[in-house]
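What's in model-v9.txt: compact mmCIF, C-alpha atoms and all ligand atoms
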# COMPACT_ATOMS: atom_id res chain seq x y z
CA MET A 50 96.25 74.43 173.54
CA SER A 51 97.70 77.60 171.98
CA ALA A 52 95.59 80.71 171.59
CA ARG A 53 93.75 80.92 168.28
CA VAL A 54 94.43 84.20 166.52
CA MET A 55 92.24 85.74 163.83
CA LEU A 56 94.31 87.66 161.29
CA VAL A 57 92.23 90.13 159.33
CA LEU A 58 94.00 90.14 155.98
CA PRO A 59 92.69 92.26 153.11
CA THR A 60 93.29 90.43 149.83
CA GLU A 61 95.63 93.17 148.61
CA THR A 62 97.73 93.49 151.77
CA TYR A 63 101.52 93.48 151.70
CA ARG A 64 101.51 92.23 155.28
CA ALA A 65 100.06 88.70 154.95
CA THR A 66 103.29 86.73 154.52
CA ALA A 67 105.08 88.32 157.47
CA PHE A 68 102.17 87.73 159.87
CA LEU A 69 101.47 84.19 158.64
CA ARG A 70 105.17 83.29 158.96
CA ALA A 71 105.27 84.66 162.49
CA ALA A 72 102.15 82.73 163.49
CA ASP A 73 103.73 79.62 162.00
CA ALA A 74 106.96 80.18 163.94
CA LEU A 75 104.90 80.43 167.12
CA ALA A 76 102.80 77.38 166.17
CA LEU A 77 99.68 79.50 166.70
CA PRO A 78 96.44 78.23 165.19
CA VAL A 79 95.35 80.95 162.76
CA VAL A 80 92.02 81.96 161.30
CA VAL A 81 92.43 84.02 158.15
CA ALA A 82 89.57 86.50 157.84
CA SER A 83 89.62 87.99 154.36
CA ASN A 84 87.39 89.48 151.73
CA ARG A 85 87.83 86.59 149.32
CA ALA A 86 87.47 82.88 150.02
CA PRO A 87 90.58 80.87 149.14
CA SER A 88 89.98 78.21 146.46
CA LEU A 89 90.47 75.43 149.03
CA ALA A 90 88.21 77.03 151.65
CA GLY A 91 86.10 73.84 151.83
CA LEU A 92 89.13 71.95 153.15
CA MET A 93 89.99 74.62 155.68
CA GLU A 94 86.99 74.58 157.97
CA GLY A 95 87.65 76.61 161.09
CA ARG A 96 90.69 78.26 159.54
CA VAL A 97 89.21 80.73 157.07
CA LEU A 98 86.38 83.22 157.29
CA THR A 99 85.16 85.32 154.38
CA LEU A 100 84.02 88.78 155.40
CA ASP A 101 83.11 92.02 153.70
CA LEU A 102 85.86 94.01 155.38
CA GLY A 103 84.21 97.25 154.24
CA HIS A 104 81.36 96.57 156.72
CA PRO A 105 82.93 96.29 160.17
CA ALA A 106 79.74 95.80 162.25
CA GLU A 107 78.40 93.09 159.94
CA SER A 108 81.84 91.44 159.87
CA ALA A 109 81.82 91.40 163.67
CA GLU A 110 78.48 89.52 163.70
CA ARG A 111 79.76 86.93 161.23
CA ALA A 112 82.97 86.56 163.23
CA ALA A 113 80.91 86.01 166.39
CA GLU A 114 78.96 83.17 164.71
CA PHE A 115 82.27 81.67 163.62
CA ALA A 116 83.85 82.04 167.07
CA ALA A 117 80.91 80.26 168.68
CA ARG A 118 82.20 77.11 166.95
CA TRP A 119 85.92 77.86 166.85
CA PRO A 120 86.82 80.14 169.76
CA VAL A 121 89.13 83.03 168.93
CA ASP A 122 91.46 84.48 171.58
CA ALA A 123 92.97 87.43 169.71
CA VAL A 124 92.08 89.47 166.63
CA MET A 125 94.73 91.30 164.66
CA GLY A 126 94.27 93.80 161.83
CA VAL A 127 97.46 94.04 159.82
CA ASP A 128 97.17 97.33 157.94
CA GLU A 129 95.10 100.48 157.48
CA ALA A 130 92.45 98.59 155.52
CA SER A 131 91.83 96.05 158.29
CA VAL A 132 92.37 97.67 161.69
CA VAL A 133 88.87 99.09 162.09
CA THR A 134 87.15 95.82 161.17
CA ALA A 135 89.55 93.93 163.46
CA ALA A 136 88.72 96.33 166.31
CA HIS A 137 84.98 95.77 165.81
CA ILE A 138 85.48 92.00 165.79
CA ALA A 139 87.67 92.06 168.90
CA ASP A 140 85.08 94.21 170.66
CA ARG A 141 82.22 91.90 169.66
CA LEU A 142 84.18 88.84 170.83
CA GLY A 143 85.37 90.62 173.97
CA THR A 144 88.98 89.50 173.54
CA ALA A 145 91.58 90.60 176.05
CA ARG A 146 94.25 93.19 175.08
CA ARG A 147 92.12 95.01 172.52
CA ASN A 148 91.79 98.67 171.61
CA PRO A 149 88.59 100.66 172.02
CA VAL A 150 86.83 100.76 168.63
CA GLY A 151 86.59 104.55 168.80
CA ALA A 152 90.34 104.89 169.29
CA VAL A 153 91.10 102.82 166.20
CA GLU A 154 88.46 104.69 164.21
CA ALA A 155 90.12 107.96 165.18
CA THR A 156 93.36 106.78 163.59
CA ARG A 157 91.51 106.09 160.32
CA ASP A 158 89.82 109.44 160.02
CA LYS A 159 92.27 112.31 160.02
CA ARG A 160 89.56 114.75 161.18
CA LEU A 161 88.90 112.70 164.30
CA LEU A 162 92.62 112.29 164.84
CA ARG A 163 93.25 116.03 164.64
CA ARG A 164 90.33 116.73 167.02
CA CYS A 165 91.63 114.22 169.60
CA LEU A 166 95.15 115.65 169.39
CA ALA A 167 93.83 119.21 169.67
CA ALA A 168 91.80 118.31 172.76
CA ALA A 169 94.93 116.90 174.41
CA ALA A 170 97.14 119.79 173.21
CA VAL A 171 99.50 117.49 171.30
CA SER A 172 101.74 119.42 168.92
CA GLN A 173 100.29 119.17 165.38
CA PRO A 174 99.78 121.34 162.27
CA ARG A 175 96.99 123.92 162.19
CA PHE A 176 94.12 122.36 160.28
CA VAL A 177 90.74 123.06 158.69
CA GLU A 178 88.12 120.56 157.59
CA LEU A 179 86.60 121.11 154.15
CA ASP A 180 83.88 119.71 151.98
CA VAL A 181 85.27 118.27 148.70
CA ASN A 182 83.11 120.72 146.78
CA ALA A 183 84.36 123.75 148.72
CA ASP A 184 84.29 126.94 146.65
CA SER A 185 87.24 129.28 146.26
CA ALA A 186 86.02 131.62 149.02
CA THR A 187 86.04 128.68 151.45
CA LEU A 188 89.54 127.72 150.30
CA ASP A 189 90.71 131.31 150.81
CA GLU A 190 89.28 131.17 154.31
CA ALA A 191 91.19 127.92 154.91
CA ILE A 192 94.41 129.63 153.85
CA ARG A 193 93.66 132.46 156.26
CA VAL A 194 93.55 129.90 159.09
CA VAL A 195 96.44 127.59 158.20
CA GLY A 196 98.67 129.88 156.09
CA LEU A 197 100.83 128.97 153.09
CA PRO A 198 102.33 126.64 152.14
CA CYS A 199 99.63 124.16 153.09
CA VAL A 200 98.82 120.52 152.51
CA VAL A 201 95.49 119.15 151.31
CA LYS A 202 94.63 115.53 152.06
CA PRO A 203 91.72 113.09 152.13
CA VAL A 204 90.68 112.09 155.64
CA ASP A 205 90.69 108.33 155.22
CA LEU A 206 93.28 107.22 152.69
CA ALA A 207 96.83 106.06 153.42
CA ALA A 208 100.32 105.74 151.92
CA SER A 209 100.38 109.47 151.04
CA ARG A 210 97.59 108.91 148.52
CA GLY A 211 95.93 112.22 147.67
CA VAL A 212 98.29 114.25 149.90
CA ILE A 213 99.35 117.39 147.99
CA ARG A 214 101.26 120.51 148.99
CA ALA A 215 100.03 123.89 147.73
CA ASP A 216 102.12 127.07 147.81
CA SER A 217 99.49 129.51 146.54
CA PRO A 218 95.69 129.91 146.49
CA ALA A 219 95.65 128.74 142.86
CA GLU A 220 97.64 125.62 143.76
CA LEU A 221 95.27 124.89 146.63
CA ILE A 222 92.27 125.06 144.28
CA ALA A 223 94.00 122.73 141.80
CA ALA A 224 95.07 120.32 144.58
CA ALA A 225 91.60 120.20 146.13
CA GLN A 226 90.06 119.48 142.71
CA ARG A 227 92.58 116.72 142.07
CA VAL A 228 91.90 115.07 145.44
CA ALA A 229 88.13 115.42 144.91
CA ALA A 230 88.46 113.68 141.52
CA LEU A 231 90.45 110.86 143.12
CA LEU A 232 87.86 110.44 145.86
CA ARG A 233 85.05 110.28 143.30
CA THR A 234 86.81 107.38 141.54
CA LEU A 235 87.22 105.55 144.86
CA CYS A 236 83.71 106.01 146.27
CA ALA A 237 81.45 103.80 144.21
CA ASP A 238 78.31 105.01 146.02
CA GLY A 239 78.92 108.62 145.05
CA SER A 240 79.54 109.76 148.62
CA THR A 241 82.79 111.66 148.96
CA PRO A 242 84.41 112.06 152.33
CA PRO A 243 85.71 115.52 153.25
CA LEU A 244 89.21 116.92 153.05
CA LEU A 245 91.66 118.41 155.48
CA VAL A 246 93.81 121.41 154.79
CA GLU A 247 96.81 121.67 157.10
CA ALA A 248 99.70 124.05 157.56
CA TYR A 249 102.76 122.65 155.80
CA VAL A 250 105.26 121.64 158.49
CA ASP A 251 108.85 122.06 157.38
CA GLY A 252 111.65 119.86 158.69
CA ALA A 253 113.01 116.34 158.89
CA GLU A 254 110.53 113.49 159.22
CA VAL A 255 110.86 110.31 161.26
CA ALA A 256 108.68 107.24 161.63
CA VAL A 257 108.27 105.71 165.08
CA GLU A 258 107.38 102.06 165.67
CA GLY A 259 106.07 101.12 169.07
CA LEU A 260 104.08 98.52 170.93
CA LEU A 261 101.45 99.42 173.51
CA ARG A 262 100.97 97.32 176.61
CA ASP A 263 97.98 98.43 178.61
CA GLY A 264 98.43 102.01 177.48
CA VAL A 265 102.20 102.12 177.97
CA LEU A 266 104.12 102.62 174.72
CA ASP A 267 107.41 100.73 174.32
CA ILE A 268 109.48 102.14 171.48
CA ILE A 269 110.73 99.50 169.07
CA ALA A 270 112.47 101.54 166.38
CA VAL A 271 112.74 105.09 165.09
CA PHE A 272 113.44 105.52 161.36
CA ASP A 273 114.89 108.60 159.70
CA LYS A 274 113.56 109.42 156.25
CA PRO A 275 116.73 110.90 154.76
CA ASP A 276 115.25 111.91 151.39
CA PRO A 277 113.62 115.36 151.61
CA LEU A 278 109.83 115.12 151.70
CA THR A 279 108.95 118.60 150.55
CA GLY A 280 106.13 117.81 148.11
CA PRO A 281 104.12 118.53 146.10
CA PHE A 282 103.61 114.76 146.53
CA PHE A 283 105.07 112.79 149.42
CA GLU A 284 106.36 109.50 148.16
CA GLU A 285 108.23 107.47 150.72
CA THR A 286 111.65 106.26 149.65
CA LEU A 287 114.32 105.73 152.31
CA TYR A 288 113.76 104.55 155.88
CA VAL A 289 116.91 104.10 158.02
CA THR A 290 117.14 103.08 161.68
CA PRO A 291 118.37 103.89 164.29
CA SER A 292 117.58 107.56 163.94
CA ARG A 293 120.44 110.03 163.79
CA LEU A 294 118.40 112.69 165.61
CA GLU A 295 120.17 114.17 168.59
CA GLY A 296 119.16 112.58 171.94
CA THR A 297 117.04 115.39 173.37
CA THR A 298 115.15 115.84 170.09
CA LEU A 299 114.60 112.10 169.80
CA ARG A 300 113.18 111.96 173.32
CA ALA A 301 110.85 114.86 172.51
CA VAL A 302 109.68 113.00 169.38
CA ILE A 303 108.98 109.89 171.44
CA ASP A 304 107.13 111.89 174.09
CA THR A 305 104.95 113.40 171.35
CA VAL A 306 104.07 109.95 169.99
CA ARG A 307 103.26 108.73 173.52
CA ALA A 308 101.02 111.74 174.06
CA ALA A 309 99.33 111.15 170.69
CA ALA A 310 98.61 107.47 171.36
CA ALA A 311 97.18 108.39 174.75
CA ALA A 312 95.12 111.26 173.30
CA VAL A 313 93.54 108.90 170.79
CA GLY A 314 92.91 106.27 173.46
CA LEU A 315 94.95 103.40 172.04
CA ARG A 316 95.90 100.78 174.64
CA TYR A 317 97.33 97.67 173.00
CA GLY A 318 99.29 96.50 170.01
CA PRO A 319 101.43 98.15 167.37
CA VAL A 320 101.68 101.88 166.76
CA HIS A 321 103.21 103.54 163.71
CA ALA A 322 103.61 107.31 163.87
CA GLU A 323 105.06 110.02 161.66
CA VAL A 324 106.57 113.10 163.22
CA ARG A 325 108.23 116.14 161.68
CA VAL A 326 110.88 118.08 163.56
CA THR A 327 110.73 121.85 163.03
CA GLY A 328 113.74 123.42 164.69
CA ASP A 329 113.89 121.13 167.71
CA LEU A 330 110.15 120.84 168.09
CA PRO A 331 108.25 117.68 167.13
CA VAL A 332 104.96 118.03 165.24
CA LEU A 333 102.71 114.98 165.00
CA ILE A 334 101.70 114.25 161.41
CA GLU A 335 99.95 110.95 162.02
CA VAL A 336 99.55 108.06 164.44
CA ALA A 337 98.22 104.67 163.29
CA ALA A 338 97.13 101.53 165.15
CA ARG A 339 99.23 99.23 163.02
CA SER A 340 102.82 98.27 162.36
CA ILE A 341 105.05 99.66 159.59
CA GLY A 342 103.59 99.15 156.10
CA GLY A 343 104.67 97.47 152.88
CA LEU A 344 107.45 94.94 153.29
CA CYS A 345 109.46 97.35 155.45
CA SER A 346 109.20 95.32 158.66
CA GLN A 347 111.75 92.90 157.23
CA VAL A 348 114.51 95.25 158.36
CA ILE A 349 113.42 95.08 162.00
CA ARG A 350 115.07 92.22 163.92
CA LEU A 351 114.40 92.21 167.65
CA LEU A 352 115.94 90.79 170.79
CA CYS A 353 113.66 90.38 173.78
CA ASP A 354 114.51 90.18 177.46
CA ASP A 355 112.63 86.89 177.94
CA ALA A 356 114.80 85.00 175.40
CA PRO A 357 118.33 86.43 175.20
CA GLY A 358 120.01 85.68 171.87
CA ALA A 359 116.83 84.75 170.00
CA GLU A 360 116.09 87.12 167.11
CA ARG A 361 112.42 87.76 166.51
CA SER A 362 110.50 89.48 163.77
CA LEU A 363 108.29 92.47 164.52
CA GLU A 364 105.21 90.37 163.72
CA GLU A 365 106.31 87.64 166.14
CA VAL A 366 106.62 90.21 168.90
CA ILE A 367 103.20 91.67 168.02
CA LEU A 368 101.55 88.23 168.03
CA ARG A 369 103.27 87.23 171.28
CA GLN A 370 101.80 90.25 172.94
CA ALA A 371 98.36 89.78 171.42
CA CYS A 372 98.27 86.14 172.55
CA ALA A 373 99.84 86.72 175.98
CA LEU A 374 102.87 84.56 175.18
CA PRO A 375 106.15 85.26 177.02
CA LEU A 376 107.54 88.60 175.89
CA GLY A 377 110.15 90.76 177.53
CA ARG A 378 111.05 94.22 176.33
CA ALA A 379 111.99 94.18 172.67
CA ARG A 380 114.94 96.10 171.25
CA PRO A 381 116.55 96.03 167.80
CA VAL A 382 119.67 93.91 167.26
CA ASP A 383 122.93 95.88 167.14
CA GLY A 384 123.81 97.83 164.02
CA ALA A 385 121.70 99.73 161.53
CA SER A 386 119.24 98.75 158.87
CA GLY A 387 117.07 100.36 156.28
CA VAL A 388 114.72 99.96 153.38
CA LEU A 389 114.20 101.77 150.11
CA MET A 390 110.67 101.83 148.77
CA LEU A 391 110.81 102.11 144.99
CA PRO A 392 108.27 104.69 143.91
CA ILE A 393 106.41 104.59 140.60
CA PRO A 394 107.98 107.39 138.52
CA HIS A 395 105.12 107.82 136.03
CA ALA A 396 101.94 106.18 134.85
CA GLY A 397 101.89 103.41 132.27
CA VAL A 398 102.48 99.71 131.90
CA LEU A 399 105.49 98.33 133.73
CA ARG A 400 107.74 96.75 131.13
CA ALA A 401 110.74 95.70 133.23
CA ILE A 402 112.92 96.58 136.18
CA THR A 403 116.53 95.79 135.31
CA GLY A 404 119.68 95.84 137.41
CA VAL A 405 118.14 93.81 140.24
CA ASP A 406 121.11 91.38 140.34
CA ARG A 407 123.65 94.20 140.47
CA ALA A 408 121.64 96.05 143.12
CA SER A 409 121.43 92.85 145.17
CA ARG A 410 125.20 92.50 145.14
CA VAL A 411 125.88 95.95 146.62
CA ALA A 412 127.73 95.51 149.92
CA GLY A 413 125.21 95.82 152.74
CA VAL A 414 122.14 95.09 150.60
CA THR A 415 120.37 92.06 152.03
CA GLY A 416 117.58 91.72 149.50
CA VAL A 417 115.64 93.25 146.62
CA THR A 418 111.98 92.38 146.15
CA ILE A 419 110.06 93.60 143.11
CA SER A 420 106.40 93.57 144.09
CA ILE A 421 104.63 94.47 140.83
CA PRO A 422 104.94 92.03 137.93
CA ALA A 423 105.86 93.23 134.43
CA GLY A 424 102.80 93.89 132.30
CA GLU A 425 100.76 95.56 135.04
CA SER A 426 99.50 99.12 134.84
CA VAL A 427 101.09 101.40 137.37
CA THR A 428 99.91 104.73 138.76
CA PRO A 429 102.21 107.16 140.60
CA LEU A 430 101.27 109.36 143.56
CA PRO A 431 99.12 111.18 144.33
CA GLU A 432 96.54 108.81 142.80
CA GLY A 433 98.47 105.52 143.20
CA ASP A 434 99.12 103.58 146.38
CA ARG A 435 101.70 100.94 145.55
CA TYR A 436 105.46 100.60 145.29
CA LEU A 437 107.42 98.90 142.53
CA GLY A 438 109.44 97.07 145.13
CA PHE A 439 111.70 97.21 148.16
CA VAL A 440 115.46 97.14 148.73
CA PHE A 441 116.68 96.06 152.17
CA ALA A 442 120.08 96.79 153.74
CA ARG A 443 121.97 96.25 156.94
CA GLY A 444 125.26 97.72 158.19
CA SER A 445 127.27 98.92 161.12
CA ALA A 446 125.89 102.47 161.01
CA PRO A 447 122.96 104.38 159.46
CA VAL A 448 125.26 106.31 157.11
CA ALA A 449 126.55 103.05 155.58
CA VAL A 450 123.03 101.66 155.21
CA GLU A 451 121.84 104.84 153.50
CA ALA A 452 124.82 104.75 151.11
CA ALA A 453 124.15 101.10 150.23
CA LEU A 454 120.49 101.79 149.51
CA ARG A 455 121.33 104.81 147.35
CA GLU A 456 123.89 102.82 145.38
CA ALA A 457 121.36 100.02 144.84
CA GLN A 458 118.80 102.57 143.68
CA SER A 459 121.24 104.00 141.14
CA LEU A 460 121.66 100.52 139.63
CA LEU A 461 117.94 99.87 139.14
CA GLN A 462 116.35 100.98 135.88
CA VAL A 463 112.59 101.15 135.66
CA ASP A 464 111.08 100.80 132.21
CA ILE A 465 107.46 101.92 132.02
CA ASP A 466 105.55 102.28 128.73
CA SER A 467 103.82 105.57 129.20
CA PRO A 468 100.24 105.75 127.86
CA SER A 469 101.12 108.73 125.66
CA ALA A 470 104.23 107.06 124.12
CA GLY A 471 104.00 106.64 120.38
CA GLN A 472 101.07 109.00 120.00
N1 LIG B 501 100.94 119.10 157.44
C1 LIG B 501 101.97 118.53 156.81
N2 LIG B 501 103.14 119.19 156.67
C2 LIG B 501 104.17 118.64 156.00
N3 LIG B 501 104.13 117.43 155.42
C3 LIG B 501 103.00 116.72 155.54
C4 LIG B 501 101.86 117.23 156.24
N4 LIG B 501 100.88 116.31 156.19
C5 LIG B 501 101.38 115.27 155.47
N5 LIG B 501 102.65 115.51 155.09
C6 LIG B 501 103.52 114.61 154.33
O1 LIG B 501 102.71 113.68 153.62
C7 LIG B 501 102.91 112.36 154.12
C8 LIG B 501 101.58 111.61 154.14
O2 LIG B 501 100.65 112.30 154.95
P1 LIG B 501 99.80 111.58 156.08
O3 LIG B 501 98.98 112.60 156.75
O4 LIG B 501 100.69 110.75 156.94
O5 LIG B 501 98.83 110.66 155.21
P2 LIG B 501 98.85 109.08 154.92
O6 LIG B 501 97.82 108.52 155.80
O7 LIG B 501 98.48 109.00 153.47
O8 LIG B 501 100.22 108.56 155.22
C9 LIG B 501 103.55 112.54 155.47
O9 LIG B 501 104.34 111.43 155.84
C10 LIG B 501 104.38 113.80 155.27
O10 LIG B 501 105.61 113.52 154.63
MG MG B 502 101.16 108.72 157.00
Could you write out this file's structure as structure tokens?
Amino acid sequence: MSARVMLVLPTETYRATAFLRAADALALPVVVASNRAPSLAGLMEGRVLTLDLGHPAESAERAAEFAARWPVDAVMGVDEASVVTAAHIADRLGTARRNPVGAVEATRDKRLLRRCLAAAAVSQPRFVELDVNADSATLDEAIRVVGLPCVVKPVDLAASRGVIRADSPAELIAAAQRVAALLRTLCADGSTPPLLVEAYVDGAEVAVEGLLRDGVLDIIAVFDKPDPLTGPFFEETLYVTPSRLEGTTLRAVIDTVRAAAAAVGLRYGPVHAEVRVTGDLPVLIEVAARSIGGLCSQVIRLLCDDAPGAERSLEEVILRQACALPLGRARPVDGASGVLMLPIPHAGVLRAITGVDRASRVAGVTGVTISIPAGESVTPLPEGDRYLGFVFARGSAPVAVEAALREAQSLLQVDIDSPSAGQ
């Protein structure tokens, strides 16, 4: 009998399809733990579990009652919104190959993350913790510690939401007020988590994907982010792998991510990290206990030592490891690949995205997925947290992939009715 895996899938996640497909390919029995019951839940006894994912400890108790009837061998959170609850459930069930709850929690609270990294002397920006209602004297003091430019950010959001660069004391005050307002809209109970102010780290940014096996981090892919990410908001656009960083720098980046994962105490499963390179020196921006977000994992195709010639998805590799199925070292197939995340240019109602057919026909482009339907309201960064869609490309070299994605982008027109139009 195959291992039964519990996938903790927030209703809004981009990651459901990829993980469910991978489980299907592996013929793994799956339990979907989610915050909303599917309409056919009555027919799916033992395969669905409705949880309030916002309450990890309570979710763990409910999962334990469930597992007493339908034993669960592995628990997998798929994104930032589910990893902490998944860690609590795994801990409560005592599954093998799980992360310490505290380690996962540290990846979801940027204060804890910074403290862990500081304790282990991992290279990171100078930082100061702040109350959302900090007065201007406190903000001036923060600038004295971290310098200018600086970056203000909420401690527990993701996808660059609420992350704002400030170049002057006045900009820091405005940025902190803007983030505080965002946090007030998100915290229904009136509690507002604190903020971090960090030194702005200049330089190229890369994203590192890895998989931990008993504390040892295997690197799966390193992505360059060839569009400059200089703020004031930090919307992700291009990701291209393999990285074009020079070998010694790349090794230093990887060493920094390994040190960060160890400092936090992660032991198993996927790791996604962001690192900036200043001069030749890596600076850790963030490490997360999850795989790459959005639909981006589609561009990762892996070959593993245990099955030469068989291409696997990232999710298949993650599930194999979680369920102790055969898995050799994973490495990307030959060539280069990349993804363009289509940012939301301004607020309003999405009317249409045209040019999708032409963009799809660009040599090297392997797919275009629009992920927000026409008619929906859209909100750009720093308040928003979604993308209009994704363009995927593959080629012989990173430079060709980047060119294909840029050409596709130039062919896409986004038509958004702005709220002020016609006034
Ligand atoms: N201290 C910093 N210096 C320079 N850029 C930063 C800094 N902190 C964040 N950024 C930029 O903002 C992005 C999002 O910040 P991050 O801390 O990773 O938050 P999130 O959890 O929302 O992804 C980063 O990928 C990076 O481009
Ligand atoms: Mg990040």
Which residues of chain A come within 8 Å of ligand MG 502 (chain B), and for each one, what is the closest pair of atoms and their distance in Å to one decimal, counting all atoms listed in the file, sorted by chain and residue number, as CSV?
residue,atom,partner,partner_atom,distance
A:Ala207,CA,B:MG502,MG,6.2
A:Ala208,CA,B:MG502,MG,5.9
A:Ser209,CA,B:MG502,MG,6.1
A:Ala322,CA,B:MG502,MG,7.4
A:Glu323,CA,B:MG502,MG,6.2
A:Ile334,CA,B:MG502,MG,7.1
A:Glu335,CA,B:MG502,MG,5.6
A:Val336,CA,B:MG502,MG,7.6
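Proximal residues of ligand LIG 501 (chain B) are A:Pro174, A:Val200, A:Leu206, A:Ala207, A:Ala208, A:Ser209, A:Arg210, A:Val212, A:Glu247, A:Ala248, A:Tyr249, A:Val250, A:Asp251, A:Leu278, A:Phe283, A:Ile334, A:Glu335, by a cut-off of 6 Å on all atoms listed in the file.
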Export, as a short mmCIF file (atom, residue, chain, number, x, y, z; two decimals), in the frame of the given file, the selected residues with C-alpha atoms.
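Result went into again_34.cif, see below:
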data_model
loop_
_atom_site.label_atom_id
_atom_site.label_comp_id
_atom_site.auth_asym_id
_atom_site.auth_seq_id
_atom_site.Cartn_x
_atom_site.Cartn_y
_atom_site.Cartn_z
CA PRO A 174 99.78 121.34 162.27
CA VAL A 200 98.82 120.52 152.51
CA LEU A 206 93.28 107.22 152.69
CA ALA A 207 96.83 106.06 153.42
CA ALA A 208 100.32 105.74 151.92
CA SER A 209 100.38 109.47 151.04
CA ARG A 210 97.59 108.91 148.52
CA VAL A 212 98.29 114.25 149.90
CA GLU A 247 96.81 121.67 157.10
CA ALA A 248 99.70 124.05 157.56
CA TYR A 249 102.76 122.65 155.80
CA VAL A 250 105.26 121.64 158.49
CA ASP A 251 108.85 122.06 157.38
CA LEU A 278 109.83 115.12 151.70
CA PHE A 283 105.07 112.79 149.42
CA ILE A 334 101.70 114.25 161.41
CA GLU A 335 99.95 110.95 162.02
#
- Task: Give me the residues within 12 Å of stretch 97-112 of chain A as number ranges by chain, counting only C-alpha atoms and dropping any in the same chain fewer than 4 places off.
- Result: A: 54-61, 78-93, 116-121, 123-124, 126, 129-143, 150, 154, 236
- Task: Find the residues around A:Asn182 up to 10 Å (all atoms listed in the file counted), leave out those fewer than 4 positions away in its own chain, and share them as number ranges by chain.
- Result: A: 187, 225-226, 229, 241, 243-244
- Task: Counting only C-alpha atoms, figure out which residue out of A:Leu261, A:Leu77, A:Leu197, A:Leu374 gets nearest to A:Pro319.
- Result: A:Leu261
